[in-house]
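A short worksheet on the structure shown next.
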Number of protein chains: 2
Amino acid sequence: MSPYTQRLAAYHGARVLVTGALGFIGSNLARRLVSLGAEVTALDCCQPGSGATPFNLDGVLDALRLVQADQRDAAILPDLVAGRDVVFNLVGRVSHIDSMLDPLGDLESNARAQLTLLDACRVANPSVRIVYASTRQVYGRPEYVPLDERHPLRPTDVNGIHKAAAEQYHLLYHRVYGLRASVLRLTNTYGPRMLVKHDRQTFLGWFIRQALDGETIRIFGDGSQLRDFSFIDDTVDAFLLAGLSDAAIGNVFNLAGTEPASLLEVTRLLVELAGRGDYVLAPFPPEKKAIDVGSVYADDTRLRRTLGWEPRVDLTSGLQRTLDFFRAHRAHYWPDAAPPAGPQRAGARPDSGR
Amino acid sequence: MSPYTQRLAAYHGARVLVTGALGFIGSNLARRLVSLGAEVTALDCCQPGSGATPFNLDGVLDALRLVQADQRDAAILPDLVAGRDVVFNLVGRVSHIDSMLDPLGDLESNARAQLTLLDACRVANPSVRIVYASTRQVYGRPEYVPLDERHPLRPTDVNGIHKAAAEQYHLLYHRVYGLRASVLRLTNTYGPRMLVKHDRQTFLGWFIRQALDGETIRIFGDGSQLRDFSFIDDTVDAFLLAGLSDAAIGNVFNLAGTEPASLLEVTRLLVELAGRGDYVLAPFPPEKKAIDVGSVYADDTRLRRTLGWEPRVDLTSGLQRTLDFFRAHRAHYWPDAAPPAGPQRAGARPDSGR
């Protein structure tokens, strides 16, 4: 039983819009909102290469309204946001690599789409609550860990620049137009429905797929680099609580999750739980060594204090539940073939986490 | 005789691209480059509402190549940047008001246009020097004055968010692709060819026009708010020196100008030099009081030390030269009619300066 049951009962009958609702976090959030009795509109444009798939809403498609449209379409947005109590804004790209290969595409997804949504809210629903999913990538290379919200923002890629701009849009529209916006900076979120299609976004999803495929996971360096992880159910709780909290309005929060774990620990645990696959430690290729940043994890004290939230799922349970999900549904997430033989790029990269 | 004559001789025969070259700063820079013997390509899309006018290049149009095109046009940019020694990147919007009324237009001018230019450089001329014209608006409401480059960036409008993102693009393309980029954060730049078409961008330009029209200039509050001013010739010197300096690469600099002056001082001086117009102190209307930030001025020690630059034109000489220019050429800059009777919005606003 969730300790938040009483508070989250406020979502019963609430009118909620989830953007990016076919993606990993959006779909889990939408499913949970349906179970809470909310009236959910799910917006997604099914961007190729993203984790979006209708299967992520399998079983709840009849219980919500799915709108397959582009969040940059200013003609449809005012109707979508009008009358909503809360907007959970999860649309956007989160790939370091893609943002460098296609900076203008990243601009469209992470800047134009956000401005368009906010401007629609300004016009059609200026007092709406809105919770935006940002990323710790906005901090760039850490000057210290754990990262707190006062750490300078020095994004190291186009994606981080645009996510930081989108945070600012939300806070600006709060200050100037009264939108009740808050921002969560996510780190490594994992769980059922996470992106496992390719290795360009999250290393853990790719490791999970490799383990289930009986492949050898390569970790660059000695594996001692620490990362933090948030299981999706905890992440969803934080979004839901933020969407109800007056104290969250106009604020930015790290969402870090459970205790940091080393890449070696998490990989060892994963392989053990999967009962398949193995791992090797490999020296950093020079071009990867250059962008290695060692340990990266965040301090989410502000979020815990403000929302009365804390993570409840430890890494072992979370990985177990994730493995169970993908074992049952792998046919929907990756073709049953050996993964491409290309180099493992994501192992120890600061930019491979969400 | 300029103390920089010897250093700036390096521009003789240099191949230079100036973007936004029909605007205030771009045109003055392009004219100076022509006089230094550079081979100048001047790019401008003549955006309506901007200060761009072909008259700004009157007399040098035969001595340079003017390309009237949009900097967002990825098809033409590689040819424009290929083979250039220096790009002075001055395209963009700088209006607080316009950015709030048309946030997506601001995104196009200040984000997409910059990314497109940088990506063209990456492909066609990755070792090019590039100097980007940013603004102190990126700081937002000052926590302290004088603002130094370590002041947090908390833009208070869409324009500031996009200018900050564009700064980051330049620094990122330097770090990742080797572009030799630097950024100048301008404050209140004034001089011949400045924008006097409307009052949405710079209060001083509008005051100058009002004085020459014999109008009454309204200053909100007691006029004690301090601002800093850079005369265009000094600004142009700083750009030219930055375009030659290895120490400037990868760096961000305030360009503040001469000693700060109060709004009352500068207006009194202006009316006296113009021999026309007058001014009144008026109480802040409540909606303007809310956004008043008092004194705003910047510390440009880093720029002075790095470039060996200092401002040489004091406010009296600078205003005199500006008035002389607009007296002689007013027919090209505003219709000889009374200005619109709308409320004076720009007087003491932090966001009305460049």
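Quick note on naming: the chains in the structure tokens go A, B, ... in the order shown, residues restart at 1 in each chain, and ligands are numbered from 1 in order of appearance.
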
Could you please select, counting only C-alpha atoms, the residues of chain B within 9 Å of chain A and state them as a list in words?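 Contact residues on the first chain: Pro103, Leu104, Leu107, Ala111, Arg112, Leu115, Thr116, Asp119, Pro152, Leu153, Arg154, Pro155, Thr156, Asp157, Val158, Ile161, His162, Ala164, Ala165, Ala166, Gln168, Tyr169, Leu172, Arg175 and Val176 of chain B.
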
Grab the residues selected above and save them as a compact mmCIF listing (two decimals), in the first residue's frame with C-alpha atoms.
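Output contents, as saved in part-v5.txt:
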# COMPACT_ATOMS: atom_id res chain seq x y z
CA PRO B 103 8.36 33.58 -28.26
CA LEU B 104 8.58 31.23 -31.23
CA LEU B 107 13.40 31.04 -30.86
CA ALA B 111 18.33 29.81 -31.30
CA ARG B 112 17.73 28.19 -34.68
CA LEU B 115 22.65 26.61 -34.32
CA THR B 116 22.41 26.67 -38.09
CA ASP B 119 26.67 23.74 -37.67
CA PRO B 152 24.12 33.55 -12.04
CA LEU B 153 22.18 33.47 -15.30
CA ARG B 154 18.49 33.87 -14.51
CA PRO B 155 16.94 35.43 -17.58
CA THR B 156 13.64 37.19 -16.98
CA ASP B 157 12.30 36.86 -20.48
CA VAL B 158 12.25 34.54 -23.48
CA ILE B 161 16.70 32.43 -22.26
CA HIS B 162 17.49 32.15 -25.96
CA ALA B 164 21.88 32.33 -22.99
CA ALA B 165 21.25 29.16 -25.01
CA ALA B 166 23.02 30.70 -28.01
CA GLN B 168 26.14 27.94 -24.78
CA TYR B 169 25.95 26.72 -28.36
CA LEU B 172 29.90 23.95 -26.90
CA ARG B 175 34.81 22.60 -26.87
CA VAL B 176 33.53 19.79 -29.04

Env of Met194 in chain B: 7 Å cut, atoms = only C-alpha atoms, seq-sep filter 2 positions within chain, self excluded. Answer as a compact mmCIF listing (two decimals) with C-alpha atoms, in the first residue's frame.
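New file selection07.txt:
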# COMPACT_ATOMS: atom_id res chain seq x y z
CA PHE B 24 23.17 48.87 -35.71
CA TYR B 190 24.55 53.61 -28.60
CA GLY B 191 25.70 55.67 -31.53
CA PRO B 192 25.04 56.38 -35.19
CA VAL B 196 15.25 54.55 -33.20
CA GLY B 205 17.54 55.45 -29.00

In Å to one decimal, how far is CA of Gln225 in chain A from CA of Gly318 in chain A? 20.1 Å

Backbone-only DSSP, strand (DSSP E or B) members of range 139-299 of chain A, as a ChimeraX atom specification: /A:140,147,154,180-186,188-190,216-220,226-227,229-231,252-255,261-262,278-282,296,298

Within 9 Å of Gly275 in chain A using only C-alpha atoms, minus same-chain residues under 2 positions, as a ChimeraX atom specification: /A:211-212,214,270-273,277

Long-range neighbours of Leu22 in chain B as a PyMOL selection string, 12 Å cut-off, only C-alpha atoms, 2 positions minimum in chain: chain B and resi 18-20+24-31+41-48+50-58+60-61+66-69+90-92+193-195

For range 177-188 of chain A, work out the shell of residues within 8 Å, counting only C-alpha atoms and skipping chain neighbours fewer than 2 positions away, then give it as a ChimeraX atom specification. /A:121-122,126-136,167,170-175,190,202,227-230,239,242,248-256,297-298,353-354

Create the file for the chosen residues now, containing C-alpha atoms and written as a PDB file, in the first residue's frame.
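Produced file again_29.pdb, reproduced below:
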ATOM      1  CA  CYS A 121      -1.491  27.092 -21.374  1.00  0.00           C
ATOM      2  CA  ARG A 122      -1.026  30.853 -21.086  1.00  0.00           C
ATOM      3  CA  PRO A 126      -3.133  30.020 -17.229  1.00  0.00           C
ATOM      4  CA  SER A 127      -3.619  28.616 -13.741  1.00  0.00           C
ATOM      5  CA  VAL A 128      -2.888  25.021 -14.743  1.00  0.00           C
ATOM      6  CA  ARG A 129      -0.417  22.981 -12.746  1.00  0.00           C
ATOM      7  CA  ILE A 130       2.426  21.704 -14.891  1.00  0.00           C
ATOM      8  CA  VAL A 131       5.292  19.415 -13.962  1.00  0.00           C
ATOM      9  CA  TYR A 132       8.186  19.299 -16.398  1.00  0.00           C
ATOM     10  CA  ALA A 133      10.590  16.389 -16.732  1.00  0.00           C
ATOM     11  CA  SER A 134      14.090  17.784 -16.990  1.00  0.00           C
ATOM     12  CA  THR A 135      17.400  16.016 -16.531  1.00  0.00           C
ATOM     13  CA  ARG A 136      20.567  16.277 -14.496  1.00  0.00           C
ATOM     14  CA  GLU A 167      13.223  24.588 -17.545  1.00  0.00           C
ATOM     15  CA  HIS A 170       8.461  26.859 -17.374  1.00  0.00           C
ATOM     16  CA  LEU A 171       9.731  29.046 -14.558  1.00  0.00           C
ATOM     17  CA  LEU A 172       9.284  32.188 -16.661  1.00  0.00           C
ATOM     18  CA  TYR A 173       5.691  31.321 -17.545  1.00  0.00           C
ATOM     19  CA  HIS A 174       5.101  30.780 -13.863  1.00  0.00           C
ATOM     20  CA  ARG A 175       6.525  34.154 -12.854  1.00  0.00           C
ATOM     21  CA  TYR A 190      14.649   2.548 -14.848  1.00  0.00           C
ATOM     22  CA  THR A 202      20.315   4.976 -21.228  1.00  0.00           C
ATOM     23  CA  ARG A 227      25.467   6.482 -10.432  1.00  0.00           C
ATOM     24  CA  ASP A 228      22.050   6.962  -8.850  1.00  0.00           C
ATOM     25  CA  PHE A 229      18.940   5.147  -9.910  1.00  0.00           C
ATOM     26  CA  SER A 230      15.248   5.794  -9.487  1.00  0.00           C
ATOM     27  CA  PHE A 239       5.564  13.470 -10.332  1.00  0.00           C
ATOM     28  CA  ALA A 242       4.631  17.478  -7.369  1.00  0.00           C
ATOM     29  CA  ALA A 248       6.597  22.861  -5.505  1.00  0.00           C
ATOM     30  CA  ILE A 249       5.331  25.702  -7.689  1.00  0.00           C
ATOM     31  CA  GLY A 250       8.085  27.761  -9.276  1.00  0.00           C
ATOM     32  CA  ASN A 251      10.708  25.368  -8.006  1.00  0.00           C
ATOM     33  CA  VAL A 252      13.299  23.016  -9.456  1.00  0.00           C
ATOM     34  CA  PHE A 253      14.085  19.671  -7.832  1.00  0.00           C
ATOM     35  CA  ASN A 254      16.587  16.905  -8.277  1.00  0.00           C
ATOM     36  CA  LEU A 255      15.014  13.461  -8.316  1.00  0.00           C
ATOM     37  CA  ALA A 256      17.896  11.156  -7.501  1.00  0.00           C
ATOM     38  CA  TYR A 297      24.869  11.415  -8.511  1.00  0.00           C
ATOM     39  CA  ALA A 298      22.488  13.937  -7.123  1.00  0.00           C
ATOM     40  CA  GLY A 353      21.901   8.418 -18.116  1.00  0.00           C
ATOM     41  CA  ARG A 354      18.649  10.252 -18.092  1.00  0.00           C
TER      42      ARG A 354
END

Counting only C-alpha atoms, which residue out of A:Ala290, A:Ala14, A:Leu323, A:Leu33 sits closest to Val236 in chain A? A:Leu33

Determine which residues of range 7-182 of chain A DSSP labels as helix (DSSP H, G or I) from the backbone of this structure, then write them out as a PyMOL selection string. chain A and resi 7-11+24-35+54-57+61-63+77-81+96-101+103-124+136-139+158-177

With distances taken over only C-alpha atoms, which residue among B:Arg93, B:His12, B:His329, B:Arg84 lies nearest Asn125 in chain B? B:Arg84

Just how far from CA of Tyr139 in chain B is CA of Gly243 in chain A, in Å to one decimal?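 These atoms are spaced 29.2 Å apart.
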
Choose the residue, out of A:Asp237, A:Glu215, A:Asp148, A:Asp70, that has the smallest atom-to-atom separation from Leu8 in chain A; count only C-alpha atoms.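 So, comparing all the options, the nearest one is A:Asp237.
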
Pick the closest to His198 in chain A from A:Asn110, A:Ser224, A:Gln210, A:Thr322: which is it, counting only C-alpha atoms?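 When distances to His198 in chain A are compared using only C-alpha atoms, the smallest one comes from A:Gln210.
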